[in-house]
Amino acid sequence: MMKSCIDQGQLVPDDVISRLILSSLRGLQQSSWLLDGFPRTVAQAEALDSVYDVDSVINLDVPFQTIRERLTSRWVHLPSGRVYNIDFNPPKKPGLDDVTGEPLAQRDDDSPETVSRRLKDYERQTQPVLEYYRYCTETTVLHTYKSFAHCYSLYNSL
């Protein structure tokens with residue numbers, strides 16, 4: 001089911017992804033953890049908060065045009081999973097894997113149309129999550145970073 005959603009450029013349903021993530025976190029009870037891309041809806045945030053005390057939420061505010069350019073420029077060597085980007089990590093020979101010389105492919109969910117649709121879905125679903133963490137929790141845990149300098153200072157504070 002998850003593969004079908006992803007292949008069609010759709011987001012995995014809340015209940016499915018929440019069960020998957022929360023199940024994985026159970027094994028990390030005594031550790032700190034960082035989630036990337038979860039929660040992406042208020043329902044997922046509420047599921048997470050019902051089980052764990054979230055102490056920090058980091059929002060990297062990257063312009064959608066930048067994300068669109070990076071994703072639509074991404075090419076993959078499917079057998080190995082090696083990832084190239086024609087703008088900043090191009091293969092030595094265009095369209096071919098550096099190690100095997102085999103052809104590279106662009107994932108279906110990296111097409112311009114699919115990326116645009118996913119970004120619209122993300123914005124529609126994620127803005128309420130940011131508001132949830134900005135105003136609906138007992139303590140303010142949301143931190144937004146808009147530039148590389150902000151991200152670098154965050155990295156150095158960890």
# chains A, B, ... in the order shown; residues from 1 in each chain; ligands from 1
$ residues_around --residues "segment 34-42 of chain A" --least-positions-apart "5" --cutoff "7 Å" --atoms "only C-alpha atoms" --output "list in words"
Gln125, Thr126, Pro128, Val129 and Tyr132 of chain A
$ write_last_selection --atoms "C-alpha atoms" --output "PDB file, in the first residue's frame"
ATOM      1  CA  GLN A 125      -1.311  19.669   5.332  1.00  0.00           C
ATOM      2  CA  THR A 126       1.810  20.961   7.062  1.00  0.00           C
ATOM      3  CA  PRO A 128      -1.673  23.480  10.314  1.00  0.00           C
ATOM      4  CA  VAL A 129       1.017  21.305  11.967  1.00  0.00           C
ATOM      5  CA  TYR A 132      -0.367  23.316  16.156  1.00  0.00           C
TER       6      TYR A 132
END
$ closest_residue --among "A:Ala43, A:Gln29, A:Pro103, A:Leu119" --to "Val16 of chain A" --atoms "only C-alpha atoms"
A:Ala43
$ select_by_dssp --residues "segment 10-96 of chain A" --states "strand (DSSP E or B)" --output "list in words"
Val57, Ile58, Asn59, Leu60, Arg74, Trp75, Val76, His77, Arg82, Val83, Tyr84, Asn85, Asn89 and Leu96 of chain A
$ write_last_selection --atoms "C-alpha atoms" --output "CSV table (one decimal), in the first residue's frame"
chain,number,residue,atom,x,y,z
A,57,VAL,CA,10.2,21.0,16.4
A,58,ILE,CA,12.4,22.3,13.7
A,59,ASN,CA,11.0,23.8,10.5
A,60,LEU,CA,13.4,24.3,7.7
A,74,ARG,CA,17.6,14.1,-9.1
A,75,TRP,CA,18.6,10.9,-10.9
A,76,VAL,CA,19.1,7.4,-9.4
A,77,HIS,CA,21.0,4.3,-10.1
A,82,ARG,CA,23.2,5.9,-5.7
A,83,VAL,CA,21.7,9.4,-6.1
A,84,TYR,CA,23.0,12.1,-8.5
A,85,ASN,CA,21.8,15.6,-9.1
A,89,ASN,CA,26.4,16.2,-7.9
A,96,LEU,CA,25.3,6.9,-16.5
$ closest_residue --among "A:Arg68, A:Glu131, A:Thr100, A:Gly95" --to "Pro112 of chain A" --atoms "only C-alpha atoms"
A:Arg68
$ closest_residue --among "A:Asp14, A:Leu22, A:Ser111, A:Glu46" --to "Glu69 of chain A" --atoms "only C-alpha atoms"
A:Ser111
$ atom_distance --atom1 "atom CA of Gln44 of chain A" --atom2 "atom CA of Asp108 of chain A"
25.9 Å
$ select_by_dssp --residues "segment 24-97 of chain A" --states "helix (DSSP H, G or I)" --output "PyMOL selection string"
chain A and resi 24-26+42-51+64-72
$ write_last_selection --atoms "C-alpha atoms" --output "PDB file, in the first residue's frame"
ATOM      1  CA  SER A  24       9.676   2.242  15.305  1.00  0.00           C
ATOM      2  CA  LEU A  25      10.054   4.783  18.120  1.00  0.00           C
ATOM      3  CA  ARG A  26       9.136   2.203  20.773  1.00  0.00           C
ATOM      4  CA  VAL A  42      -2.249  17.549  12.750  1.00  0.00           C
ATOM      5  CA  ALA A  43      -3.616  14.007  13.154  1.00  0.00           C
ATOM      6  CA  GLN A  44      -0.043  12.656  13.076  1.00  0.00           C
ATOM      7  CA  ALA A  45       1.125  15.364  15.522  1.00  0.00           C
ATOM      8  CA  GLU A  46      -1.668  14.457  17.908  1.00  0.00           C
ATOM      9  CA  ALA A  47      -0.812  10.740  17.614  1.00  0.00           C
ATOM     10  CA  LEU A  48       2.845  11.497  18.362  1.00  0.00           C
ATOM     11  CA  ASP A  49       2.003  13.818  21.263  1.00  0.00           C
ATOM     12  CA  SER A  50      -0.349  11.250  22.788  1.00  0.00           C
ATOM     13  CA  VAL A  51       2.599   8.901  23.274  1.00  0.00           C
ATOM     14  CA  PHE A  64       9.328  25.480  -2.921  1.00  0.00           C
ATOM     15  CA  GLN A  65      11.156  26.514  -6.099  1.00  0.00           C
ATOM     16  CA  THR A  66      14.432  25.288  -4.558  1.00  0.00           C
ATOM     17  CA  ILE A  67      12.858  21.973  -3.561  1.00  0.00           C
ATOM     18  CA  ARG A  68      11.269  21.590  -7.004  1.00  0.00           C
ATOM     19  CA  GLU A  69      14.606  22.232  -8.743  1.00  0.00           C
ATOM     20  CA  ARG A  70      16.485  19.759  -6.536  1.00  0.00           C
ATOM     21  CA  LEU A  71      13.948  16.962  -6.871  1.00  0.00           C
ATOM     22  CA  THR A  72      13.402  17.282 -10.609  1.00  0.00           C
TER      23      THR A  72
END
